[in-house]
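Structure data follow from target_7.txt (compact mmCIF, C-alpha atoms and all ligand atoms):
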# COMPACT_ATOMS: atom_id res chain seq x y z
CA MET R 1 203.64 126.83 60.11
CA ARG R 2 204.03 128.61 63.42
CA ILE R 3 203.66 132.01 61.87
CA ALA R 4 200.48 130.91 60.23
CA LEU R 5 199.14 129.79 63.58
CA VAL R 6 200.03 133.09 65.25
CA LEU R 7 198.46 134.99 62.40
CA THR R 8 195.22 133.04 62.57
CA THR R 9 195.07 133.57 66.31
CA LEU R 10 195.63 137.28 65.84
CA LEU R 11 193.01 137.50 63.15
CA PHE R 12 190.58 135.61 65.30
CA LEU R 13 191.20 137.94 68.24
CA LEU R 14 190.88 141.00 66.04
CA SER R 15 187.57 139.95 64.55
CA PHE R 16 186.33 139.05 67.99
CA CYS R 17 187.13 142.56 69.28
CA ALA R 18 185.57 144.20 66.27
CA GLY R 19 182.48 142.09 66.68
CA GLU R 20 182.13 143.07 70.30
CA LYS R 21 182.49 146.74 69.49
CA HIS R 22 179.84 146.42 66.85
CA GLN R 23 177.52 144.67 69.24
CA ASN R 24 177.94 147.41 71.80
CA GLN R 25 177.14 150.03 69.21
CA HIS R 26 174.06 148.13 68.24
CA LYS R 27 172.97 147.95 71.85
CA LYS R 28 173.33 151.69 72.22
CA ILE R 29 171.21 152.34 69.16
CA THR R 30 168.38 150.07 70.30
CA ALA R 31 168.47 151.60 73.76
CA LYS R 32 168.13 155.05 72.27
CA LYS R 33 165.27 153.98 70.06
CA LYS R 34 163.47 152.48 73.02
CA SER R 35 163.68 155.59 75.15
CA ASN R 36 162.28 157.51 72.21
CA MET R 37 159.33 155.17 71.92
CA GLN R 38 158.69 155.24 75.63
CA GLN R 39 157.90 158.91 75.43
CA ASP R 40 154.27 157.88 75.58
CA GLU R 41 152.41 160.96 76.62
CA PHE R 42 151.94 164.14 74.65
CA SER R 43 152.85 167.33 76.50
CA GLU R 44 150.27 169.79 77.82
CA ASP R 45 151.28 172.22 75.08
CA GLN R 46 150.75 169.62 72.41
CA LEU R 47 147.34 168.67 73.77
CA GLN R 48 146.38 172.34 73.90
CA THR R 49 147.36 172.72 70.24
CA ILE R 50 145.16 169.75 69.34
CA LYS R 51 142.23 171.11 71.33
CA GLN R 52 142.44 174.38 69.41
CA LEU R 53 142.88 172.60 66.11
CA LEU R 54 139.72 170.59 66.78
CA SER R 55 137.63 173.59 67.75
CA ASN R 56 138.97 175.89 65.01
CA THR R 57 138.40 173.57 62.06
CA PRO R 58 134.93 173.99 60.54
CA GLN R 59 132.87 170.79 60.24
CA ALA R 60 132.10 171.58 56.60
CA GLN R 61 135.79 171.49 55.75
CA ILE R 62 136.23 168.17 57.53
CA SER R 63 133.25 166.64 55.74
CA ALA R 64 134.59 167.77 52.37
CA VAL R 65 137.71 165.60 52.77
CA ASP R 66 137.82 162.21 51.07
CA ALA R 67 138.97 160.49 54.25
CA ALA R 68 139.08 156.99 52.76
CA ALA R 69 141.38 158.12 49.94
CA THR R 70 143.56 160.10 52.32
CA TYR R 71 143.86 157.07 54.56
CA LYS R 72 144.79 154.82 51.64
CA THR R 73 147.47 157.20 50.42
CA TYR R 74 149.10 158.20 53.69
CA CYS R 75 148.34 155.56 56.30
CA GLY R 76 147.72 152.21 54.59
CA LEU R 77 151.42 151.69 54.02
CA CYS R 78 152.06 150.97 57.68
CA HIS R 79 148.60 150.30 59.07
CA GLY R 80 147.14 148.30 56.16
CA GLN R 81 144.23 149.30 53.94
CA LYS R 82 141.77 148.12 56.56
CA GLY R 83 143.79 149.06 59.64
CA GLU R 84 144.65 145.40 60.06
CA MET R 85 148.40 145.65 59.62
CA SER R 86 151.30 146.46 61.88
CA ILE R 87 154.46 147.32 59.96
CA ASN R 88 157.44 148.46 61.99
CA GLY R 89 155.54 148.51 65.27
CA ALA R 90 152.51 150.40 63.93
CA LYS R 91 149.37 149.83 65.97
CA ILE R 92 146.47 147.79 64.60
CA LEU R 93 144.01 150.61 64.00
CA MET R 94 141.03 148.25 63.76
CA ASP R 95 141.50 147.53 67.45
CA THR R 96 142.55 150.91 68.74
CA ASN R 97 140.64 152.45 71.60
CA THR R 98 142.16 155.90 71.38
CA SER R 99 139.99 159.01 71.63
CA LEU R 100 139.61 161.38 68.71
CA SER R 101 141.98 163.95 70.21
CA GLU R 102 144.57 161.27 70.98
CA ARG R 103 144.44 160.14 67.37
CA VAL R 104 144.67 163.67 66.05
CA ALA R 105 147.68 164.29 68.32
CA GLN R 106 149.28 161.06 67.10
CA ILE R 107 148.81 162.01 63.45
CA TYR R 108 149.73 165.66 63.91
CA PHE R 109 152.86 165.15 66.01
CA GLY R 110 153.77 161.54 65.20
CA LYS R 111 155.20 159.16 67.77
CA GLY R 112 157.82 156.40 67.81
CA THR R 113 158.48 155.48 64.20
CA MET R 114 155.30 157.13 62.93
CA THR R 115 156.18 160.35 61.14
CA PRO R 116 154.29 163.57 61.96
CA PHE R 117 151.76 164.65 59.34
CA LYS R 118 151.64 168.28 60.40
CA GLY R 119 152.52 170.20 57.26
CA THR R 120 151.94 167.21 54.97
CA LEU R 121 148.20 167.00 55.62
CA LYS R 122 145.88 169.93 56.24
CA ASP R 123 144.22 170.16 59.66
CA GLU R 124 140.85 169.08 58.25
CA GLN R 125 142.47 166.06 56.55
CA ILE R 126 144.06 165.01 59.83
CA ILE R 127 140.74 165.22 61.67
CA ALA R 128 138.84 163.47 58.88
CA VAL R 129 141.28 160.58 58.76
CA ALA R 130 141.24 160.31 62.57
CA GLN R 131 137.45 160.01 62.41
CA TYR R 132 137.74 157.53 59.55
CA ILE R 133 139.48 155.09 61.91
CA ASP R 134 136.04 154.46 63.42
CA GLU R 135 134.98 153.07 60.01
CA LEU R 136 137.86 150.60 60.15
CA LYS R 137 136.61 149.29 63.47
CA LYS R 138 133.24 148.26 62.06
C1 LIG U 1 155.70 155.01 58.71
C2 LIG U 1 154.63 154.16 59.16
C3 LIG U 1 153.34 154.83 59.58
C4 LIG U 1 152.52 155.62 58.81
C5 LIG U 1 152.69 156.02 57.36
C6 LIG U 1 151.39 155.96 59.67
N1 LIG U 1 151.55 155.39 60.90
FE1 LIG U 1 150.25 155.52 62.45
N2 LIG U 1 151.52 154.49 63.65
C7 LIG U 1 152.74 154.01 63.25
C8 LIG U 1 153.43 153.48 64.42
C9 LIG U 1 154.82 152.86 64.42
C10 LIG U 1 152.57 153.66 65.52
C11 LIG U 1 152.85 153.31 66.99
C12 LIG U 1 153.59 154.50 67.57
C13 LIG U 1 153.93 154.31 69.02
O1 LIG U 1 153.04 154.43 69.87
O2 LIG U 1 155.11 154.07 69.29
C14 LIG U 1 151.36 154.29 64.99
C15 LIG U 1 150.28 154.62 65.77
C16 LIG U 1 149.13 155.24 65.29
C17 LIG U 1 147.98 155.56 66.10
C18 LIG U 1 147.82 155.29 67.60
C19 LIG U 1 147.03 154.02 67.76
C20 LIG U 1 146.97 153.55 69.19
O3 LIG U 1 146.14 152.67 69.46
O4 LIG U 1 147.76 154.03 70.03
C21 LIG U 1 147.08 156.16 65.27
C22 LIG U 1 145.70 156.66 65.66
C23 LIG U 1 147.68 156.20 63.95
N3 LIG U 1 148.93 155.63 64.00
C24 LIG U 1 147.05 156.73 62.85
C25 LIG U 1 147.68 156.92 61.62
C26 LIG U 1 147.06 157.61 60.52
C27 LIG U 1 145.65 158.15 60.49
C28 LIG U 1 147.99 157.66 59.52
C29 LIG U 1 147.88 158.34 58.18
C30 LIG U 1 147.67 159.75 58.20
C31 LIG U 1 149.17 156.94 60.00
N4 LIG U 1 148.94 156.53 61.27
C32 LIG U 1 150.33 156.74 59.25
C33 LIG U 1 153.25 154.02 61.97
C34 LIG U 1 152.74 154.71 60.89

Serialized structure, structure tokens:
Amino acid sequence: MRIALVLTTLLFLLSFCAGEKHQNQHKKITAKKKSNMQQDEFSEDQLQTIKQLLSNTPQAQISAVDAAATYKTYCGLCHGQKGEMSINGAKILMDTNTSLSERVAQIYFGKGTMTPFKGTLKDEQIIAVAQYIDELKK
């Protein structure tokens, strides 16, 4: 009977320690994630890249993109088909008041949990879909 009591106490203590360790680990992970998300601003270099991208992409190429379809395929998942959704901390695009270059930077480089689309989408697709956000706001 005594042994059983000692054993239960030990087990209890052990699980308590393990639980605490786990909690600490969890805290560390969330702290890391937060500092990642707080990296709000894009760097000068990044903004320069976006400026060039905007001035080097011909309007005809941008107009040729099916922006609505591109949005549905690549963005709707997190932002909703009408920009009304916010999955995993995604911003409600219907209500965004970002400038065109801010949006292009966001799509090109990604931020927080939003993946970068550089490489996945062509420059003209990125610009077209950034412009398309204005349609969502109507
Ligand atoms: C994996 C989910 C996910 C996908 C897919 C995604 N986004 Fe995002 N988006 C996010 C998250 C999360 C944020 C907020 C990022 C932050 O600031 O921490 C965000 C923010 C934005 C912003 C900034 C809005 C503001 O008001 O600051 C724009 C613009 C944007 N996304 C456009 C797009 C476009 C266009 C696409 C498709 C090419 C897209 N996103 C695909 C998750 C996603």

Place a sphere of radius 12 Å on (141.0, 145.1, 70.3) in the file coordinates and name every protein, DNA or RNA residue with an atom inside or on its surface, counting all atoms listed in the file; give the answer as number ranges by chain. R: 83-84, 91-98, 136-138

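The residue that comes closest to ligand LIG 1 (chain U), out of R:Gly110, R:Asp123, R:Cys75, R:Glu102 and on the basis of only C-alpha atoms and all ligand atoms, is R:Cys75.
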
For ligand LIG 1 (chain U), collect every residue having any atom at a distance of at most 9 Å from a ligand atom (counting only C-alpha atoms and all ligand atoms); output as a ChimeraX atom specification. /R:36-40,70-79,83,86-100,102-108,110-117,121,125-133

Proximity to Leu47 of chain R - best of R:Phe109, R:Gly80, R:Ala69, R:Ser63, only C-alpha atoms: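 Closest residue, counting only C-alpha atoms: R:Phe109.
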
With only C-alpha atoms as the counted atoms, please give the residues lying no more than 12 Å from Ser55 of chain R, apart from itself and same-chain residues fewer than 5 positions off, as a ChimeraX atom specification. /R:48-50,62,101,123-124,127

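The gap separating atom CA of Ala60 of chain R from atom CA of Gly119 of chain R is 20.5 Å, in Å to one decimal.
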
Could you tell me which of R:Met85, R:Asp66, R:Lys122, R:Glu41 comes closest to Leu53 of chain R if we count all atoms listed in the file? R:Lys122

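We find atom CA of Gln81 of chain R and atom CA of Val65 of chain R to be spaced 17.6 Å apart.
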
To one decimal place, how far is atom CA of Glu135 of chain R from atom CA of Lys51 of chain R in Å?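 These atoms are spaced 22.5 Å apart.
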
Take every atom of segment 78-86 of chain R listed in the file, pad by 6 Å on each side, and give me the axis-aligned box centre and edge lengths in Å, one decimal, as AutoDock Vina command-line options.
--center_x 146.9 --center_y 148.2 --center_z 57.9 --size_x 22.3 --size_y 17.6 --size_z 19.9
